[in-house]
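Q: One file is attached below, query.cif, containing mmCIF, N, CA and C atoms.
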data_work
loop_
_atom_site.group_PDB
_atom_site.id
_atom_site.type_symbol
_atom_site.label_atom_id
_atom_site.label_comp_id
_atom_site.auth_asym_id
_atom_site.auth_seq_id
_atom_site.Cartn_x
_atom_site.Cartn_y
_atom_site.Cartn_z
ATOM 1 N N MET A 153 114.945 97.760 117.791
ATOM 2 C CA MET A 153 114.544 97.247 116.490
ATOM 3 C C MET A 153 113.595 96.078 116.706
ATOM 4 N N ASN A 154 112.505 96.091 115.973
ATOM 5 C CA ASN A 154 111.535 94.997 116.057
ATOM 6 C C ASN A 154 112.081 93.751 115.385
ATOM 7 N N PRO A 155 111.777 92.582 115.925
ATOM 8 C CA PRO A 155 112.281 91.351 115.317
ATOM 9 C C PRO A 155 111.599 91.012 113.989
ATOM 10 N N ASP A 156 110.485 91.669 113.673
ATOM 11 C CA ASP A 156 109.754 91.350 112.451
ATOM 12 C C ASP A 156 110.034 92.316 111.303
ATOM 13 N N VAL A 157 111.106 93.086 111.383
ATOM 14 C CA VAL A 157 111.467 94.043 110.337
ATOM 15 C C VAL A 157 112.108 93.307 109.163
ATOM 16 N N GLU A 158 111.713 93.701 107.950
ATOM 17 C CA GLU A 158 112.302 93.157 106.729
ATOM 18 C C GLU A 158 112.719 94.322 105.849
ATOM 19 N N ALA A 159 113.679 94.080 104.967
ATOM 20 C CA ALA A 159 114.209 95.124 104.093
ATOM 21 C C ALA A 159 113.925 94.789 102.635
ATOM 22 N N ILE A 160 113.671 95.828 101.851
ATOM 23 C CA ILE A 160 113.477 95.702 100.404
ATOM 24 C C ILE A 160 114.515 96.589 99.728
ATOM 25 N N LEU A 161 115.262 96.007 98.825
ATOM 26 C CA LEU A 161 116.269 96.734 98.064
ATOM 27 C C LEU A 161 115.745 96.945 96.652
ATOM 28 N N GLN A 162 115.764 98.199 96.197
ATOM 29 C CA GLN A 162 115.332 98.485 94.827
ATOM 30 C C GLN A 162 116.146 99.640 94.275
ATOM 31 N N ARG A 163 116.325 99.606 92.985
ATOM 32 C CA ARG A 163 117.026 100.701 92.313
ATOM 33 C C ARG A 163 116.051 101.863 92.170
ATOM 34 N N CYS A 164 116.523 103.098 92.462
ATOM 35 C CA CYS A 164 115.621 104.249 92.378
ATOM 36 C C CYS A 164 116.173 105.365 91.516
ATOM 37 N N GLY A 165 117.325 105.160 90.912
ATOM 38 C CA GLY A 165 117.917 106.171 90.055
ATOM 39 C C GLY A 165 119.066 105.571 89.278
ATOM 40 N N LEU A 166 119.774 106.406 88.572
ATOM 41 C CA LEU A 166 120.892 105.920 87.758
ATOM 42 C C LEU A 166 121.921 105.192 88.613
ATOM 43 N N ASP A 167 122.331 105.813 89.697
ATOM 44 C CA ASP A 167 123.324 105.210 90.587
ATOM 45 C C ASP A 167 122.880 105.260 92.040
ATOM 46 N N THR A 168 121.583 105.154 92.300
ATOM 47 C CA THR A 168 121.085 105.182 93.675
ATOM 48 C C THR A 168 120.166 103.995 93.928
ATOM 49 N N TYR A 169 120.147 103.579 95.189
ATOM 50 C CA TYR A 169 119.354 102.423 95.601
ATOM 51 C C TYR A 169 118.579 102.755 96.854
ATOM 52 N N ASP A 170 117.312 102.331 96.877
ATOM 53 C CA ASP A 170 116.471 102.451 98.058
ATOM 54 C C ASP A 170 116.647 101.229 98.927
ATOM 55 N N LEU A 171 116.690 101.441 100.226
ATOM 56 C CA LEU A 171 116.572 100.364 101.183
ATOM 57 C C LEU A 171 115.384 100.726 102.059
ATOM 58 N N LEU A 172 114.318 99.980 101.911
ATOM 59 C CA LEU A 172 113.086 100.219 102.648
ATOM 60 C C LEU A 172 113.003 99.203 103.773
ATOM 61 N N LEU A 173 112.720 99.675 104.978
ATOM 62 C CA LEU A 173 112.538 98.803 106.123
ATOM 63 C C LEU A 173 111.085 98.891 106.559
ATOM 64 N N VAL A 174 110.437 97.740 106.742
ATOM 65 C CA VAL A 174 109.034 97.719 107.138
ATOM 66 C C VAL A 174 108.828 96.641 108.196
ATOM 67 N N ASP A 175 107.966 96.942 109.177
ATOM 68 C CA ASP A 175 107.641 95.936 110.189
ATOM 69 C C ASP A 175 106.227 95.418 109.965
ATOM 70 N N SER A 176 105.791 94.490 110.801
ATOM 71 C CA SER A 176 104.491 93.835 110.588
ATOM 72 C C SER A 176 103.312 94.778 110.814
ATOM 73 N N ARG A 177 103.527 95.890 111.524
ATOM 74 C CA ARG A 177 102.446 96.855 111.741
ATOM 75 C C ARG A 177 102.286 97.811 110.569
ATOM 76 N N GLY A 178 103.243 97.797 109.656
ATOM 77 C CA GLY A 178 103.183 98.688 108.503
ATOM 78 C C GLY A 178 104.030 99.932 108.654
ATOM 79 N N ALA A 179 104.701 100.091 109.787
ATOM 80 C CA ALA A 179 105.602 101.240 109.958
ATOM 81 C C ALA A 179 106.839 101.006 109.089
ATOM 82 N N TRP A 180 107.238 102.032 108.330
ATOM 83 C CA TRP A 180 108.369 101.854 107.425
ATOM 84 C C TRP A 180 109.223 103.115 107.373
ATOM 85 N N THR A 181 110.437 102.910 106.891
ATOM 86 C CA THR A 181 111.361 104.009 106.671
ATOM 87 C C THR A 181 112.154 103.700 105.402
ATOM 88 N N ARG A 182 112.676 104.764 104.792
ATOM 89 C CA ARG A 182 113.398 104.623 103.512
ATOM 90 C C ARG A 182 114.750 105.296 103.629
ATOM 91 N N TRP A 183 115.765 104.604 103.162
ATOM 92 C CA TRP A 183 117.105 105.163 103.073
ATOM 93 C C TRP A 183 117.554 105.074 101.631
ATOM 94 N N VAL A 184 118.292 106.081 101.171
ATOM 95 C CA VAL A 184 118.825 106.090 99.808
ATOM 96 C C VAL A 184 120.345 105.995 99.894
ATOM 97 N N PHE A 185 120.918 105.090 99.094
ATOM 98 C CA PHE A 185 122.362 104.854 99.091
ATOM 99 C C PHE A 185 122.931 105.101 97.700
ATOM 100 N N PRO A 186 124.170 105.565 97.612
ATOM 101 C CA PRO A 186 124.790 105.822 96.317
ATOM 102 C C PRO A 186 125.332 104.567 95.628
ATOM 103 N N ALA A 187 125.260 103.422 96.298
ATOM 104 C CA ALA A 187 125.748 102.184 95.694
ATOM 105 C C ALA A 187 124.976 101.001 96.275
ATOM 106 N N GLU A 188 124.760 99.995 95.450
ATOM 107 C CA GLU A 188 124.036 98.804 95.891
ATOM 108 C C GLU A 188 124.760 98.110 97.043
ATOM 109 N N GLU A 189 126.081 98.059 96.980
ATOM 110 C CA GLU A 189 126.854 97.381 98.020
ATOM 111 C C GLU A 189 126.659 98.036 99.388
ATOM 112 N N LEU A 190 126.544 99.369 99.406
ATOM 113 C CA LEU A 190 126.328 100.077 100.669
ATOM 114 C C LEU A 190 124.952 99.765 101.254
ATOM 115 N N ALA A 191 123.949 99.678 100.401
ATOM 116 C CA ALA A 191 122.606 99.335 100.868
ATOM 117 C C ALA A 191 122.577 97.915 101.423
ATOM 118 N N ARG A 192 123.231 97.000 100.728
ATOM 119 C CA ARG A 192 123.301 95.611 101.209
ATOM 120 C C ARG A 192 124.044 95.528 102.543
ATOM 121 N N ALA A 193 125.114 96.291 102.666
ATOM 122 C CA ALA A 193 125.882 96.287 103.909
ATOM 123 C C ALA A 193 125.048 96.833 105.074
ATOM 124 N N ALA A 194 124.240 97.851 104.814
ATOM 125 C CA ALA A 194 123.387 98.411 105.865
ATOM 126 C C ALA A 194 122.370 97.367 106.332
ATOM 127 N N ALA A 195 121.771 96.646 105.394
ATOM 128 C CA ALA A 195 120.815 95.590 105.761
ATOM 129 C C ALA A 195 121.512 94.493 106.555
ATOM 130 N N ALA A 196 122.714 94.150 106.157
ATOM 131 C CA ALA A 196 123.475 93.122 106.879
ATOM 132 C C ALA A 196 123.822 93.602 108.290
ATOM 133 N N ASP A 197 124.206 94.869 108.420
ATOM 134 C CA ASP A 197 124.515 95.427 109.742
ATOM 135 C C ASP A 197 123.296 95.402 110.662
ATOM 136 N N LEU A 198 122.125 95.637 110.085
ATOM 137 C CA LEU A 198 120.886 95.624 110.866
ATOM 138 C C LEU A 198 120.378 94.209 111.132
ATOM 139 N N GLN A 199 120.956 93.238 110.448
ATOM 140 C CA GLN A 199 120.577 91.828 110.586
ATOM 141 C C GLN A 199 119.089 91.603 110.299
ATOM 142 N N VAL A 200 118.630 92.172 109.181
ATOM 143 C CA VAL A 200 117.241 91.991 108.759
ATOM 144 C C VAL A 200 117.218 91.198 107.457
ATOM 145 N N PRO A 201 116.158 90.407 107.226
ATOM 146 C CA PRO A 201 116.037 89.703 105.949
ATOM 147 C C PRO A 201 115.958 90.711 104.803
ATOM 148 N N LEU A 202 116.677 90.444 103.740
ATOM 149 C CA LEU A 202 116.736 91.354 102.598
ATOM 150 C C LEU A 202 116.023 90.740 101.402
ATOM 151 N N HIS A 203 115.107 91.503 100.810
ATOM 152 C CA HIS A 203 114.400 91.099 99.597
ATOM 153 C C HIS A 203 114.857 92.002 98.463
ATOM 154 N N GLU A 204 115.093 91.414 97.313
ATOM 155 C CA GLU A 204 115.482 92.202 96.144
ATOM 156 C C GLU A 204 114.233 92.533 95.359
ATOM 157 N N GLY A 205 113.780 93.756 95.487
ATOM 158 C CA GLY A 205 112.546 94.157 94.826
ATOM 159 C C GLY A 205 111.337 93.616 95.573
ATOM 160 N N TRP A 206 110.222 93.678 94.901
ATOM 161 C CA TRP A 206 108.944 93.299 95.514
ATOM 162 C C TRP A 206 108.606 91.862 95.160
ATOM 163 N N ASP A 207 109.494 90.940 95.518
ATOM 164 C CA ASP A 207 109.329 89.533 95.178
ATOM 165 C C ASP A 207 108.314 88.809 96.063
ATOM 166 N N ASP A 208 107.915 89.423 97.153
ATOM 167 C CA ASP A 208 107.000 88.804 98.109
ATOM 168 C C ASP A 208 105.766 89.696 98.246
ATOM 169 N N ALA A 209 104.601 89.188 97.858
ATOM 170 C CA ALA A 209 103.367 89.992 97.846
ATOM 171 C C ALA A 209 102.985 90.481 99.239
ATOM 172 N N ARG A 210 103.354 89.756 100.270
ATOM 173 C CA ARG A 210 102.957 90.184 101.617
ATOM 174 C C ARG A 210 103.673 91.467 102.041
ATOM 175 N N LEU A 211 104.805 91.790 101.412
ATOM 176 C CA LEU A 211 105.483 93.046 101.730
ATOM 177 C C LEU A 211 104.644 94.248 101.297
ATOM 178 N N ALA A 212 104.017 94.148 100.143
ATOM 179 C CA ALA A 212 103.132 95.233 99.687
ATOM 180 C C ALA A 212 101.952 95.398 100.652
ATOM 181 N N LEU A 213 101.456 94.295 101.178
ATOM 182 C CA LEU A 213 100.371 94.377 102.157
ATOM 183 C C LEU A 213 100.838 95.056 103.440
ATOM 184 N N ARG A 214 102.059 94.788 103.838
ATOM 185 C CA ARG A 214 102.597 95.457 105.030
ATOM 186 C C ARG A 214 102.655 96.962 104.819
ATOM 187 N N PHE A 215 103.123 97.402 103.650
ATOM 188 C CA PHE A 215 103.239 98.830 103.386
ATOM 189 C C PHE A 215 101.883 99.514 103.381
ATOM 190 N N SER A 216 100.884 98.869 102.841
ATOM 191 C CA SER A 216 99.564 99.504 102.752
ATOM 192 C C SER A 216 98.790 99.434 104.060
ATOM 193 N N ARG A 217 99.257 98.664 105.015
ATOM 194 C CA ARG A 217 98.570 98.514 106.298
ATOM 195 C C ARG A 217 98.548 99.819 107.078
ATOM 196 N N ASN A 218 99.584 100.596 107.023
ATOM 197 C CA ASN A 218 99.703 101.824 107.810
ATOM 198 C C ASN A 218 99.756 103.037 106.875
ATOM 199 N N ASP A 219 98.790 103.139 105.973
ATOM 200 C CA ASP A 219 98.785 104.197 104.973
ATOM 201 C C ASP A 219 97.684 105.208 105.274
ATOM 202 N N PRO A 220 98.022 106.389 105.806
ATOM 203 C CA PRO A 220 96.990 107.367 106.132
ATOM 204 C C PRO A 220 96.257 107.896 104.907
ATOM 205 N N TRP A 221 96.836 107.756 103.728
ATOM 206 C CA TRP A 221 96.163 108.202 102.508
ATOM 207 C C TRP A 221 95.124 107.194 102.053
ATOM 208 N N ASN A 222 95.145 105.993 102.622
ATOM 209 C CA ASN A 222 94.269 104.913 102.212
ATOM 210 C C ASN A 222 93.044 104.808 103.120
ATOM 211 N N THR A 223 92.678 105.880 103.797
ATOM 212 C CA THR A 223 91.503 105.880 104.654
ATOM 213 C C THR A 223 90.469 106.835 104.069
ATOM 214 N N ALA A 224 89.249 106.696 104.533
ATOM 215 C CA ALA A 224 88.176 107.563 104.035
ATOM 216 C C ALA A 224 88.435 109.025 104.391
ATOM 217 N N VAL A 225 89.063 109.272 105.527
ATOM 218 C CA VAL A 225 89.322 110.628 105.980
ATOM 219 C C VAL A 225 90.582 111.196 105.306
ATOM 220 N N GLY A 226 91.568 110.370 105.101
ATOM 221 C CA GLY A 226 92.808 110.834 104.491
ATOM 222 C C GLY A 226 93.627 111.668 105.454
ATOM 223 N N ARG A 227 94.595 112.359 104.938
ATOM 224 C CA ARG A 227 95.454 113.220 105.754
ATOM 225 C C ARG A 227 95.239 114.655 105.311
ATOM 226 N N ARG A 228 94.886 115.523 106.244
ATOM 227 C CA ARG A 228 94.635 116.912 105.899
ATOM 228 C C ARG A 228 95.936 117.672 105.792
ATOM 229 N N ARG A 229 96.033 118.464 104.772
ATOM 230 C CA ARG A 229 97.184 119.354 104.575
ATOM 231 C C ARG A 229 96.707 120.793 104.769
ATOM 232 N N ALA A 230 97.570 121.713 104.525
ATOM 233 C CA ALA A 230 97.205 123.120 104.658
ATOM 234 C C ALA A 230 96.033 123.438 103.735
ATOM 235 N N LEU A 231 95.141 124.240 104.210
ATOM 236 C CA LEU A 231 93.947 124.584 103.427
ATOM 237 C C LEU A 231 94.176 125.675 102.441
#
Go ahead and express the file in the form of structure tokens.
A:
Amino acid sequence: MNPDVEAILQRCGLDTYDLLLVDSRGAWTRWVFPAEELARAAAADLQVPLHEGWDDARLALRFSRNDPWNTAVGRRRAL
């Protein structure tokens, strides 16, 4: 685990919560939990700083840093 990983907790459904992990290079992963407490516990187990929602603008910059859809070439799919 990279030391610069941070977590974002957000509600994504009626009873589901996203826990997004992103590092300074823009690499990220998403986990979905059936309860907010479980998502918080996962972040605590990973010992990463937890943000509630997108309260920090630099997190959005991290996510867009490694976005293959945000390039002139884009990502090719099946033709």
Q: Mind checking which residues fall within 12 Å of Gly205 of chain A, counting only C-alpha atoms, ignoring those fewer than 5 positions away in the same chain, and posting them as an NGL selection string?
A: :A and (158-164 or 169-172 or 211-212)
Q: What gap, in Å, lies between atom CA of Leu190 of chain A and atom CA of Arg214 of chain A?
A: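 The value is 24.6 Å.
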Q: With distances taken over all atoms listed in the file, which of A:Leu213, A:Leu173, A:Val200, A:Ala191 is nearest to Pro155 of chain A?
A: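 Among A:Leu213, A:Leu173, A:Val200, A:Ala191, it is A:Val200 that comes nearest to Pro155 of chain A.
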Q: May I ask for the distance between atom C of Ala196 of chain A and atom N of Val157 of chain A, given in Å to one decimal place?
A: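 Atom-to-atom, atom C of Ala196 of chain A to atom N of Val157 of chain A, that is 13.1 Å.
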Q: Enclose segment 200-215 of chain A, meaning all of its atoms listed in the file, in a box aligned along x, y and z, pad it by 8 Å on each side, and list the centre and edge lengths in Å to one decimal, as JSON.
A:
{"center_x": 109.5, "center_y": 94.2, "center_z": 102.0, "size_x": 34.3, "size_y": 26.7, "size_z": 30.4}
Q: Have a look at atom N of Leu166 of chain A and atom N of Arg210 of chain A and let me know their distance in Å, one decimal.
A: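 Atom-to-atom, atom N of Leu166 of chain A to atom N of Arg210 of chain A, that is 26.1 Å.
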Q: Out of A:Asp197, A:Glu188, A:Glu204, A:Asp156, which residue has the shortest atom-to-atom distance to Asp175 of chain A when counting all atoms listed in the file?
A: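 Using all atoms listed in the file, Asp175 of chain A sits closest to A:Asp156.
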Q: Give me the residues within 8 Å of Phe215 of chain A as an NGL selection string, counting only N, CA and C atoms and dropping any in the same chain fewer than 4 places off.
A: :A and (174-180 or 210-211 or 219)
Q: Measuring atom to atom with only C-alpha atoms, identify which of A:Ser216, A:Leu202, A:Ala195, A:Asp167 is nearest to Trp183 of chain A.
A: A:Ala195
